[in-house]
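*Asks:* You'll find target.cif just under this line, and it carries mmCIF, C-alpha atoms.
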```cif
data_protein
#
loop_
_atom_site.label_atom_id
_atom_site.label_comp_id
_atom_site.auth_asym_id
_atom_site.auth_seq_id
_atom_site.Cartn_x
_atom_site.Cartn_y
_atom_site.Cartn_z
CA MET Y 1 127.20 113.19 6.37
CA PRO Y 2 124.24 115.56 5.70
CA LEU Y 3 124.76 119.11 6.98
CA HIS Y 4 121.91 119.07 9.55
CA LEU Y 5 123.32 115.85 11.07
CA LYS Y 6 126.83 117.31 11.17
CA LYS Y 7 125.50 120.35 13.05
CA ASN Y 8 123.76 118.17 15.63
CA LYS Y 9 126.47 115.51 15.80
CA ASN Y 10 126.43 115.43 19.61
CA VAL Y 11 122.68 114.93 19.79
CA VAL Y 12 122.87 112.15 17.19
CA VAL Y 13 125.52 110.34 19.24
CA LEU Y 14 123.43 110.78 22.40
CA VAL Y 15 120.39 109.31 20.66
CA LEU Y 16 122.49 106.38 19.42
CA LEU Y 17 123.82 105.68 22.94
CA ILE Y 18 120.30 105.69 24.34
CA LEU Y 19 119.04 103.51 21.50
CA PHE Y 20 121.81 101.01 22.23
CA GLN Y 21 120.66 100.76 25.83
CA LEU Y 22 117.01 100.47 24.86
CA ILE Y 23 118.01 97.52 22.68
CA LEU Y 24 119.86 96.04 25.68
CA ILE Y 25 116.69 96.34 27.78
CA SER Y 26 114.51 94.80 25.11
CA PHE Y 27 116.97 91.91 24.69
CA GLN Y 28 116.36 90.89 28.29
CA VAL Y 29 112.70 90.11 27.74
CA PRO Y 30 113.21 86.92 25.67
CA LEU Y 31 116.21 85.94 27.81
CA GLY Y 32 114.08 85.71 30.98
CA ASP Y 33 116.29 85.43 34.06
CA GLU Y 34 119.36 84.79 31.89
CA PRO Y 35 121.55 87.92 31.98
CA ALA Y 36 122.53 89.59 28.69
CA LEU Y 37 126.04 88.90 27.39
CA PHE Y 38 127.06 92.52 27.95
CA GLU Y 39 125.83 92.38 31.56
CA LYS Y 40 127.72 89.13 32.11
CA THR Y 41 130.90 90.71 30.73
CA ILE Y 42 130.70 93.74 33.03
CA PHE Y 43 129.94 91.45 35.99
CA VAL Y 44 132.94 89.25 35.18
CA ILE Y 45 135.24 92.30 34.93
CA PHE Y 46 134.12 94.11 38.07
CA SER Y 47 133.16 91.32 40.50
CA PRO Y 48 136.81 90.38 41.30
CA LEU Y 49 137.37 94.03 42.20
CA LYS Y 50 134.40 93.92 44.55
CA HIS Y 51 135.83 90.70 45.99
CA SER Y 52 139.18 92.43 46.62
CA VAL Y 53 137.57 95.49 48.26
CA HIS Y 54 135.57 93.21 50.54
CA PHE Y 55 138.73 91.28 51.42
CA LEU Y 56 140.58 94.54 52.19
CA VAL Y 57 137.77 95.90 54.39
CA GLU Y 58 137.48 92.55 56.13
CA SER Y 59 141.24 92.41 56.80
CA VAL Y 60 141.33 95.93 58.23
CA THR Y 61 138.23 95.34 60.35
CA THR Y 62 139.52 92.00 61.63
CA GLY Y 63 142.94 93.52 62.37
CA TRP Y 64 141.36 96.31 64.37
CA LYS Y 65 139.03 93.94 66.21
CA ASN Y 66 142.00 91.70 67.04
CA TYR Y 67 143.92 94.66 68.42
CA VAL Y 68 141.00 95.80 70.57
CA SER Y 69 140.24 92.30 71.80
CA LEU Y 70 143.86 91.78 72.93
CA HIS Y 71 143.01 93.64 76.12
CA SER Y 72 140.54 91.04 77.26
CA VAL Y 73 142.42 88.03 75.92
CA ARG Y 74 144.09 86.97 79.19
CA LYS Y 75 140.86 86.82 81.14
CA GLU Y 76 139.11 85.05 78.30
CA ASN Y 77 142.03 82.64 77.99
CA GLU Y 78 141.71 81.54 81.60
CA GLU Y 79 137.99 80.98 81.19
CA LEU Y 80 138.57 79.04 77.98
CA ARG Y 81 141.16 76.81 79.70
CA LYS Y 82 138.59 75.93 82.33
CA ARG Y 83 135.96 75.24 79.68
CA LEU Y 84 138.45 73.20 77.65
CA PHE Y 85 139.12 71.00 80.65
CA PHE Y 86 135.43 70.20 81.09
CA LEU Y 87 134.88 69.80 77.35
CA SER Y 88 137.80 67.37 77.09
CA GLN Y 89 136.25 65.29 79.82
CA GLU Y 90 132.89 65.41 78.09
CA ASN Y 91 134.50 64.57 74.76
CA SER Y 92 136.23 61.47 76.07
CA LEU Y 93 133.00 60.30 77.66
CA LEU Y 94 131.14 60.82 74.39
CA LYS Y 95 133.84 58.95 72.49
CA VAL Y 96 133.36 55.96 74.75
CA LEU Y 97 129.62 56.11 74.15
CA LEU Y 98 130.09 56.50 70.39
CA ASP Y 99 132.44 53.53 70.19
CA LYS Y 100 129.77 51.43 71.80
CA PHE Y 101 127.23 52.59 69.25
CA GLU Y 102 126.71 49.93 66.59
CA GLU Y 103 126.04 52.35 63.74
CA GLU Y 104 129.07 54.51 64.46
CA LYS Y 105 130.67 53.90 61.10
CA LYS Y 106 127.45 54.68 59.29
CA ILE Y 107 127.05 57.94 61.19
CA ARG Y 108 130.57 59.02 60.36
CA GLU Y 109 130.06 58.25 56.67
CA LEU Y 110 126.75 60.11 56.64
CA LEU Y 111 128.21 63.17 58.35
CA GLY Y 112 131.16 63.12 55.95
CA LYS Y 113 128.84 63.09 52.95
CA LYS Y 114 126.67 65.91 54.32
CA TYR Y 115 129.74 68.02 55.06
CA GLN Y 116 130.92 67.68 51.47
CA LYS Y 117 127.58 68.90 50.24
CA ILE Y 118 127.89 72.31 51.81
CA ILE Y 119 129.95 75.16 50.41
CA ALA Y 120 130.71 77.81 53.00
CA ALA Y 121 130.54 81.29 51.49
CA ARG Y 122 130.33 84.96 52.39
CA VAL Y 123 128.19 87.76 51.01
CA ILE Y 124 130.53 90.33 49.44
CA GLY Y 125 128.04 92.67 47.80
CA ARG Y 126 124.39 93.62 47.65
CA ASP Y 127 122.01 94.68 44.89
CA THR Y 128 122.64 98.26 43.69
CA SER Y 129 118.93 99.10 43.33
CA ASN Y 130 117.36 97.23 46.21
CA ASP Y 131 119.16 95.64 49.13
CA TYR Y 132 116.44 93.00 49.48
CA ARG Y 133 116.60 91.63 45.94
CA SER Y 134 120.00 90.04 45.38
CA GLY Y 135 123.57 89.75 46.55
CA ILE Y 136 126.99 88.56 45.44
CA ILE Y 137 128.90 85.76 47.16
CA ASN Y 138 132.59 84.91 47.13
CA ARG Y 139 132.17 81.45 45.62
CA GLY Y 140 131.85 80.62 41.94
CA SER Y 141 131.97 77.84 39.39
CA LEU Y 142 135.47 76.77 40.47
CA ASP Y 143 134.07 76.06 43.95
CA GLY Y 144 131.30 73.94 42.46
CA VAL Y 145 128.57 76.59 42.56
CA GLU Y 146 125.78 76.06 40.04
CA LYS Y 147 122.53 77.80 39.14
CA ASP Y 148 119.55 77.10 41.46
CA MET Y 149 121.67 75.83 44.35
CA VAL Y 150 119.96 76.70 47.62
CA ILE Y 151 121.39 79.22 50.09
CA LEU Y 152 120.95 78.91 53.86
CA ASP Y 153 122.14 81.23 56.62
CA LYS Y 154 124.36 80.12 59.50
CA ASN Y 155 121.31 78.86 61.43
CA GLY Y 156 119.99 76.80 58.53
CA PHE Y 157 117.16 79.18 57.57
CA LEU Y 158 116.35 79.73 53.90
CA VAL Y 159 118.02 82.76 52.27
CA GLY Y 160 117.56 82.23 48.52
CA ARG Y 161 119.14 80.53 45.53
CA ILE Y 162 122.00 80.93 43.07
CA VAL Y 163 121.14 82.77 39.86
CA LYS Y 164 123.26 83.81 36.91
CA PRO Y 165 125.79 85.29 36.27
CA ILE Y 166 128.26 82.91 37.92
CA THR Y 167 131.94 83.72 37.45
CA PHE Y 168 134.91 81.55 38.47
CA ARG Y 169 135.03 82.98 41.99
CA GLU Y 170 131.78 84.94 42.42
CA ALA Y 171 128.08 84.30 41.94
CA ARG Y 172 124.83 86.18 42.28
CA ILE Y 173 122.14 85.06 44.72
CA GLN Y 174 118.45 85.86 44.54
CA LEU Y 175 117.02 86.51 47.99
CA ILE Y 176 113.62 85.20 49.07
CA THR Y 177 112.64 88.83 49.77
CA ASP Y 178 112.89 89.65 46.05
CA GLU Y 179 109.48 90.34 44.52
CA LYS Y 180 110.37 88.09 41.59
CA SER Y 181 111.31 85.08 43.74
CA GLY Y 182 108.91 82.23 44.39
CA VAL Y 183 109.14 79.41 46.94
CA SER Y 184 106.56 76.68 47.27
CA VAL Y 185 105.75 76.29 50.97
CA ASP Y 186 103.63 74.59 53.60
CA ILE Y 187 102.45 75.83 56.96
CA LYS Y 188 104.21 73.53 59.40
CA GLY Y 189 101.84 71.00 60.91
CA LYS Y 190 98.85 72.13 58.83
CA LYS Y 191 97.54 71.11 55.45
CA VAL Y 192 97.97 74.54 53.93
CA ASN Y 193 100.31 75.39 51.10
CA GLY Y 194 101.07 78.37 48.94
CA ILE Y 195 103.81 80.40 47.27
CA VAL Y 196 106.06 82.75 49.18
CA SER Y 197 107.56 85.71 47.36
CA GLY Y 198 109.24 88.84 48.63
CA ASN Y 199 107.60 92.22 49.04
CA GLY Y 200 110.86 93.99 48.11
CA LYS Y 201 110.95 95.64 51.53
CA GLY Y 202 112.53 92.93 53.65
CA ALA Y 203 109.51 90.71 54.29
CA CYS Y 204 107.62 88.05 52.31
CA LEU Y 205 104.05 87.43 51.28
CA LEU Y 206 102.33 84.04 51.37
CA LYS Y 207 100.15 83.92 48.27
CA TYR Y 208 97.29 81.76 47.04
CA VAL Y 209 95.77 80.84 50.41
CA LEU Y 210 92.00 80.98 49.99
CA SER Y 211 90.03 83.60 51.92
CA THR Y 212 87.83 80.83 53.27
CA ASP Y 213 90.82 79.13 54.91
CA THR Y 214 90.81 79.47 58.67
CA GLN Y 215 93.87 77.39 59.50
CA VAL Y 216 96.63 79.99 58.97
CA LEU Y 217 97.30 81.95 62.14
CA GLN Y 218 99.80 84.51 63.29
CA GLY Y 219 102.93 82.77 64.60
CA ASP Y 220 102.66 79.75 62.28
CA LYS Y 221 105.96 78.51 60.91
CA VAL Y 222 106.45 78.45 57.12
CA ILE Y 223 108.59 75.67 55.62
CA THR Y 224 109.51 74.68 52.06
CA ASN Y 225 107.67 71.71 50.54
CA GLY Y 226 109.87 71.03 47.50
CA VAL Y 227 107.09 71.32 44.93
CA ASP Y 228 108.88 74.15 43.05
CA GLY Y 229 111.69 71.77 42.10
CA ILE Y 230 114.39 74.06 43.50
CA TYR Y 231 114.13 74.29 47.28
CA PRO Y 232 114.34 70.96 49.16
CA PRO Y 233 111.43 70.23 51.51
CA GLY Y 234 111.53 70.97 55.23
CA ILE Y 235 113.70 74.11 55.26
CA GLU Y 236 112.38 76.75 57.64
CA LEU Y 237 111.71 80.06 55.91
CA GLY Y 238 109.71 82.36 58.14
CA ILE Y 239 106.89 83.02 60.55
CA VAL Y 240 103.42 84.31 59.71
CA SER Y 241 103.24 87.80 61.17
CA GLU Y 242 99.95 89.09 59.77
CA VAL Y 243 96.82 87.48 58.31
CA ARG Y 244 94.21 89.66 56.67
CA SER Y 245 91.02 88.63 54.92
CA THR Y 246 90.20 90.60 51.80
CA SER Y 247 87.32 90.85 49.40
CA SER Y 248 89.41 88.97 46.82
CA LEU Y 249 89.76 85.21 46.46
CA PHE Y 250 92.97 84.98 48.49
CA LYS Y 251 94.14 86.16 51.89
CA ASP Y 252 96.87 88.74 52.48
CA ILE Y 253 99.46 86.93 54.57
CA ARG Y 254 102.72 88.56 55.59
CA VAL Y 255 105.65 86.33 56.49
CA ASP Y 256 108.71 87.60 58.38
CA THR Y 257 111.89 85.81 57.35
CA LEU Y 258 113.76 83.81 59.96
CA CYS Y 259 117.10 84.76 58.47
CA ASP Y 260 118.47 88.25 59.01
CA ILE Y 261 118.45 89.47 55.40
CA THR Y 262 120.14 92.82 56.04
CA GLY Y 263 122.86 91.31 58.22
CA LEU Y 264 123.74 88.41 55.93
CA ASP Y 265 127.42 87.49 56.04
CA HIS Y 266 128.35 83.81 56.39
CA ILE Y 267 126.10 81.56 54.36
CA ALA Y 268 125.97 77.94 53.20
CA VAL Y 269 125.42 76.88 49.60
CA LEU Y 270 123.74 73.47 49.40
CA ARG Y 271 125.12 71.20 46.70
CA ILE Y 272 122.33 68.70 47.28
CA LYS Y 273 119.98 68.28 44.32
CA ILE Y 274 116.29 68.26 45.13
CA LYS Y 275 115.97 64.81 43.51
CA GLU Y 276 117.94 63.40 46.46
CA PHE Y 277 115.02 64.33 48.72
CA PHE Y 278 112.35 62.36 46.85
CA MET H 1 150.39 110.77 24.37
CA PRO H 2 147.25 112.71 25.39
CA ALA H 3 144.90 109.98 24.15
CA PHE H 4 146.58 107.35 26.33
CA LYS H 5 146.54 109.74 29.30
CA ASP H 6 142.81 110.39 28.82
CA PHE H 7 142.08 106.69 28.53
CA PHE H 8 144.11 105.91 31.64
CA GLU H 9 142.42 108.72 33.57
CA THR H 10 138.96 107.50 32.54
CA ILE H 11 139.66 103.91 33.55
CA LEU H 12 141.15 105.09 36.85
CA GLY H 13 138.14 107.35 37.50
CA ILE H 14 135.64 104.55 36.88
CA LEU H 15 137.63 102.07 38.98
CA LEU H 16 137.90 104.58 41.83
CA ALA H 17 134.15 105.18 41.71
CA PHE H 18 133.53 101.43 41.84
CA ILE H 19 135.97 100.96 44.73
CA ILE H 20 134.36 103.81 46.72
CA TYR H 21 130.94 102.36 45.94
CA SER H 22 132.07 98.90 47.15
CA LEU H 23 133.58 100.38 50.31
CA LEU H 24 130.37 102.28 51.09
CA SER H 25 128.22 99.20 50.45
CA ASN H 26 130.41 97.27 52.90
CA ILE H 27 129.53 99.83 55.56
CA SER H 28 125.80 100.09 54.88
CA PHE H 29 123.43 99.94 51.93
CA LYS H 30 121.74 103.13 53.16
CA ILE H 31 124.98 105.07 52.65
CA VAL H 32 125.03 103.85 49.04
CA LEU H 33 121.56 105.35 48.61
CA LEU H 34 122.77 108.68 49.99
CA PHE H 35 125.79 109.15 47.74
CA ASN H 36 125.69 108.43 44.02
CA VAL H 37 129.45 108.05 43.50
CA PHE H 38 129.03 106.99 39.87
CA LEU H 39 127.14 110.18 39.06
CA VAL H 40 129.90 112.32 40.60
CA THR H 41 132.35 110.58 38.25
CA VAL H 42 130.05 111.23 35.29
CA ILE H 43 129.73 114.93 36.20
CA TYR H 44 133.51 115.23 36.64
CA PHE H 45 134.25 113.85 33.15
CA ALA H 46 131.39 115.88 31.63
CA LEU H 47 132.88 119.08 33.09
CA LYS H 48 136.36 118.15 31.94
CA LYS H 49 135.70 116.82 28.46
CA GLY H 50 132.25 117.99 27.41
CA GLU H 51 128.80 116.55 26.81
CA LEU H 52 129.69 113.65 24.49
CA TYR H 53 132.34 112.24 26.76
CA GLY H 54 130.00 112.79 29.70
CA ALA H 55 127.26 110.83 27.95
CA PHE H 56 129.66 107.99 27.14
CA ILE H 57 130.99 107.78 30.72
CA GLY H 58 127.39 108.02 31.92
CA MET H 59 126.52 104.97 29.86
CA ILE H 60 129.50 102.97 31.19
CA CYS H 61 128.89 103.92 34.84
CA GLY H 62 125.15 103.31 34.53
CA LEU H 63 125.68 99.86 33.04
CA ILE H 64 128.17 98.96 35.79
CA HIS H 65 125.55 100.04 38.33
CA ASP H 66 122.95 97.91 36.53
CA SER H 67 125.12 94.82 36.23
CA PHE H 68 125.24 94.50 40.03
CA SER H 69 121.47 94.55 40.31
CA ILE H 70 119.21 91.63 39.49
CA GLU H 71 117.14 91.88 36.29
CA VAL H 72 117.77 95.62 35.76
CA PHE H 73 120.18 96.29 32.93
CA GLY H 74 120.18 99.51 30.94
CA VAL H 75 117.86 101.57 33.12
CA ALA H 76 120.50 103.44 35.15
CA GLY H 77 122.56 103.45 31.95
CA ILE H 78 119.99 105.59 30.12
CA SER H 79 119.47 108.05 32.97
CA MET H 80 123.21 108.53 33.53
CA THR H 81 123.86 108.91 29.78
CA LEU H 82 121.34 111.75 29.70
CA MET H 83 122.80 113.33 32.83
CA GLY H 84 126.35 113.12 31.49
CA PHE H 85 125.21 114.91 28.35
CA LEU H 86 123.23 117.57 30.25
CA ALA H 87 126.06 118.20 32.73
CA GLY H 88 128.56 118.70 29.90
CA TYR H 89 126.20 120.88 27.87
CA PHE H 90 125.17 123.25 30.68
CA SER H 91 128.67 123.54 32.11
CA LYS H 92 129.66 125.11 28.77
CA LYS H 93 126.80 127.61 28.87
CA ILE H 94 126.88 128.59 32.55
CA ASN H 95 129.78 129.14 34.92
CA ILE H 96 129.04 126.47 37.50
CA TYR H 97 132.38 126.59 39.33
CA PRO H 98 131.54 128.92 42.28
CA PRO H 99 130.78 126.58 45.25
CA LEU H 100 127.11 127.47 45.66
CA ARG H 101 126.41 127.13 41.93
CA MET H 102 128.31 123.85 41.82
CA PHE H 103 126.26 122.56 44.76
CA VAL H 104 122.95 123.55 43.10
CA PHE H 105 124.14 122.13 39.76
CA ILE H 106 125.04 118.67 41.17
CA PHE H 107 121.88 118.73 43.31
CA LEU H 108 119.72 119.32 40.23
CA ILE H 109 121.57 116.80 38.06
CA THR H 110 121.21 114.11 40.78
CA GLY H 111 117.57 114.99 41.32
CA ILE H 112 116.73 114.77 37.62
CA ASN H 113 118.73 111.52 37.36
CA LEU H 114 116.70 110.07 40.22
CA ILE H 115 113.41 111.09 38.63
CA ILE H 116 114.36 109.62 35.22
CA TRP H 117 115.71 106.41 36.78
CA ALA H 118 112.63 105.94 38.99
CA SER H 119 110.26 106.63 36.07
CA LEU H 120 112.07 104.22 33.74
CA TYR H 121 112.29 101.58 36.46
CA SER H 122 108.57 101.84 37.21
CA PHE H 123 107.73 101.80 33.50
CA VAL H 124 109.92 98.80 32.60
CA PHE H 125 109.33 96.66 35.70
CA SER H 126 105.85 97.85 36.74
CA GLU H 127 106.93 98.31 40.33
CA SER H 128 107.98 101.22 42.50
CA ILE H 129 111.63 101.82 43.42
CA PHE H 130 113.16 100.79 46.73
CA THR H 131 113.50 103.94 48.82
CA GLY H 132 115.46 102.40 51.72
CA GLY H 133 113.18 104.00 54.29
CA GLY H 134 113.32 107.36 52.50
CA TYR H 135 117.12 107.57 52.34
CA ILE H 136 117.06 107.74 48.56
CA PHE H 137 115.26 111.10 48.67
CA PHE H 138 118.34 112.59 50.31
CA GLN H 139 120.54 111.39 47.45
CA PRO H 140 120.62 114.78 45.66
CA LEU H 141 121.75 116.46 48.87
CA GLY H 142 124.35 113.81 49.77
CA THR H 143 125.71 113.62 46.22
CA ALA H 144 125.86 117.43 45.92
CA VAL H 145 127.94 117.68 49.12
CA LEU H 146 130.24 114.82 48.06
CA GLY H 147 130.56 116.13 44.48
CA LEU H 148 131.27 119.69 45.63
CA ILE H 149 134.06 118.52 47.94
CA LEU H 150 135.61 116.11 45.43
CA ILE H 151 135.45 118.40 42.38
CA HIS H 152 136.87 121.38 44.30
CA LEU H 153 139.61 119.13 45.65
CA LEU H 154 140.47 118.12 42.08
CA ILE H 155 140.51 121.80 41.04
CA ARG H 156 142.87 122.58 43.95
CA LEU H 157 145.12 119.71 42.90
CA LYS H 158 145.02 121.14 39.35
CA ILE H 159 143.66 117.87 37.99
CA LEU H 160 140.53 119.69 36.78
CA ASN H 161 140.80 123.15 35.18
CA LYS H 162 138.13 125.70 36.06
CA TYR H 163 137.59 127.07 32.58
#
```
Could I get this structure in the form of structure tokens?

*Replies:*
Amino acid sequence: MPLHLKKNKNVVVLVLLILFQLILISFQVPLGDEPALFEKTIFVIFSPLKHSVHFLVESVTTGWKNYVSLHSVRKENEELRKRLFFLSQENSLLKVLLDKFEEEKKIRELLGKKYQKIIAARVIGRDTSNDYRSGIINRGSLDGVEKDMVILDKNGFLVGRIVKPITFREARIQLITDEKSGVSVDIKGKKVNGIVSGNGKGACLLKYVLSTDTQVLQGDKVITNGVDGIYPPGIELGIVSEVRSTSSLFKDIRVDTLCDITGLDHIAVLRIKIKEFF
Amino acid sequence: MPAFKDFFETILGILLAFIIYSLLSNISFKIVLLFNVFLVTVIYFALKKGELYGAFIGMICGLIHDSFSIEVFGVAGISMTLMGFLAGYFSKKINIYPPLRMFVFIFLITGINLIIWASLYSFVFSESIFTGGGYIFFQPLGTAVLGLILIHLLIRLKILNKY
């Protein structure tokens, strides 16, 4: 090794480490949304640990909640017994009605199929740089999770989609509030469509609605239309909260999400392919 | 077996940082913005083993941070590599162990790390960083308090030698 390099060995190593990372960054450009191999490896190693920490926190929290709630259990139990009595009555009445229904078998089959097409999951981690960009869920390829599967919250509102990396038991989700996300949408009940993407701050923007358009109003509901080939049509996404005309070709339209992005916990992964909708 | 001990300690340190980070993120994302646990780990190893080791741990911790964020891989890695190197280099030149100096030292390192990370992020992705309602600007303060407590605790426990 030349003498001047030997003297500055530490600086040379530092430069090499930085160069290595610059190469990693530049590798991501041709890969698009596909994560680099090195990133995948780190994700595969550390995501089970995140899963375990979440499980531990959840167990402690649930244990504590259970302990606290013991105090009100008796009263609640009595109320539940009363409700159970009435619900049992209602249930038997409904069963009689259902038996009379000609299409009963068909309904049961249909419900069974739909149930199989949902994977219940929980959010176990959020994006380290921006809470509103992505998250990690506790379901992976072994549970049948695949790229571009659609995520809904517990009320059926759109949350996002599955992106890579997907490990055996964990997967990353891209939220609709991510600036890089794009959902093709319609305004419910109106002949207006556009693309919704996140503003990176918890809300969304409806893009490509012409400034001359007068149909979009505050309070309008935004639903998916399926044109993007990922999100099935008819899923409710948000409500128009602000419409501003600008000097440019398109309007500035802010959309507030219907799902609670910051409080996401239980979610549903849809295994239905968009082709099944057309 | 000092090499094995060092390796074990490094792995344990990184795992602990990741576990604390995961615990904090389970409480609230805003707390994660306040305390840069990974950087405290980087500073600890830089103080203990010098600038090269600090830079290497900085790279590992930064890449772990990046791998749990969508589309950002290598940005935090670069800033933490630089900070690991700087922390190790300056800790050899200046006595940073008195509490006030340690506080100012970690405060400055976190501040510079934030500036480099934000600049790189904006340059690479052409967008501004997520400030979490301004919480991120308190990161140098939060990390300095956390780092001061943790590093002095490790000195008390004789895990980290002062000089």

*Asks:* Select, as JSON, numbers by chain, those residues of chain Y with any atom no more than 7 Å from chain H (distances computed using all atoms listed in the file).

*Replies:* {"Y": [10, 14, 18, 21, 22, 24, 25, 33, 39, 42, 43, 50, 53, 54, 127, 128, 129, 130, 131, 133, 134]}

*Asks:* Can you measure CA of Ile109 (chain H) to CA of Thr41 (chain Y) for me? One decimal in Å is fine.

*Replies:*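 Taking CA of Ile109 (chain H) as the start and CA of Thr41 (chain Y) as the end point, the length is 28.7 Å.
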
*Asks:* Name the residues in contact with region 175-179 of chain Y at a cut-off of 8 Å, using all atoms listed in the file, excluding same-chain residues fewer than 4 positions from it; report them as a VMD selection string.

*Replies:* chain Y and resid 132 to 135 158 to 161 183 196 to 204

*Asks:* What residues come out when you apply the PyMOL selection byres ((chain Y and resi 119-121) around 10) to this file, written as a count of residues only?

*Replies:* 26

*Asks:* Report, as AutoDock Vina command-line options, the axis-aligned box around all atoms of region 134-153 of chain Y present in the file, extended by 3 Å on each side; give centre and edge lengths in Å to one decimal place.

*Replies:*
```
--center_x 127.5 --center_y 82.0 --center_z 47.9 --size_x 21.9 --size_y 22.1 --size_z 23.5
```

*Asks:* To one decimal place in Å, what is the distance between CA of Leu19 (chain Y) and CA of Arg126 (chain Y)?

*Replies:*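 Between these atoms lies a distance of 28.5 Å.
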
*Asks:* Provide the CA of Val40 (chain H) to CA of Phe55 (chain Y) distance in Å, to one decimal place.

*Replies:*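 Spanning CA of Val40 (chain H) to CA of Phe55 (chain Y) is a straight-line distance of 25.3 Å.
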
*Asks:* Taking the file as shown, what set of residues would the PyMOL selection byres ((chain H and resi 150) around 12) give back, as a CSV table (one decimal) with C-alpha atoms, in the frame of the given file?

*Replies:*
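Written out: out06.csv:
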```
chain,number,residue,atom,x,y,z
H,17,ALA,CA,134.2,105.2,41.7
H,37,VAL,CA,129.4,108.0,43.5
H,40,VAL,CA,129.9,112.3,40.6
H,41,THR,CA,132.4,110.6,38.2
H,43,ILE,CA,129.7,114.9,36.2
H,44,TYR,CA,133.5,115.2,36.6
H,99,PRO,CA,130.8,126.6,45.2
H,102,MET,CA,128.3,123.8,41.8
H,103,PHE,CA,126.3,122.6,44.8
H,106,ILE,CA,125.0,118.7,41.2
H,143,THR,CA,125.7,113.6,46.2
H,144,ALA,CA,125.9,117.4,45.9
H,145,VAL,CA,127.9,117.7,49.1
H,146,LEU,CA,130.2,114.8,48.1
H,147,GLY,CA,130.6,116.1,44.5
H,148,LEU,CA,131.3,119.7,45.6
H,149,ILE,CA,134.1,118.5,47.9
H,151,ILE,CA,135.4,118.4,42.4
H,152,HIS,CA,136.9,121.4,44.3
H,153,LEU,CA,139.6,119.1,45.6
H,154,LEU,CA,140.5,118.1,42.1
H,155,ILE,CA,140.5,121.8,41.0
H,156,ARG,CA,142.9,122.6,44.0
H,157,LEU,CA,145.1,119.7,42.9
H,159,ILE,CA,143.7,117.9,38.0
H,160,LEU,CA,140.5,119.7,36.8
```

*Asks:* Would you mind listing what lies within 6 Å of Leu210 (chain Y) as JSON, numbers by chain, with all atoms listed in the file counted and same-chain residues fewer than 2 positions away left out?

*Replies:* {"Y": [212, 213, 249, 250, 251]}

*Asks:* Evaluate the PyMOL selection byres ((chain H and resi 139) around 8) here and jot the selected residues down as a list in words.

*Replies:*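 Applying the expression gives Leu33, Leu34, Phe35, Asn36, Thr110, Gly111, Tyr135, Ile136, Phe137, Phe138, Pro140, Leu141, Gly142 and Thr143 of chain H.
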
*Asks:* Have a look at Y:Val60, Y:Val163, Y:Val243, Y:Leu206 and name the one nearest to Glu34 (chain Y); count all atoms listed in the file.

*Replies:*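 Counting all atoms listed in the file, the residue closest to Glu34 (chain Y) is Y:Val163.
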
*Asks:* Which is closer to Lys190 (chain Y) than all the others in Y:Ile173, Y:Leu70, Y:Gly125, Y:Val222, using only C-alpha atoms?

*Replies:*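 Going through Y:Ile173, Y:Leu70, Y:Gly125, Y:Val222 one by one, the smallest distance to Lys190 (chain Y) is for Y:Val222.
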
*Asks:* Here is a test: counting only C-alpha atoms, which residue of H:Met80, H:Ser122, H:Leu47, H:Glu9 is nearest to Ile96 (chain H)?

*Replies:*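 Among H:Met80, H:Ser122, H:Leu47, H:Glu9, it is H:Leu47 that comes nearest to Ile96 (chain H).
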
*Asks:* Given the choices Y:Ile162, Y:Leu258, Y:Ile136, Y:Leu264, which gets closest to His51 (chain Y) if the distance is worked out from all atoms listed in the file?

*Replies:*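 Looking only at the distances to His51 (chain Y), the closest residue turns out to be Y:Ile136.
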
*Asks:* Check the smallest atom-to-atom distance from each of Y:His71, Y:Lys188, Y:Lys221, Y:Lys180 to Phe125 (chain H) using only C-alpha atoms, then report the winner.

*Replies:* Y:Lys180
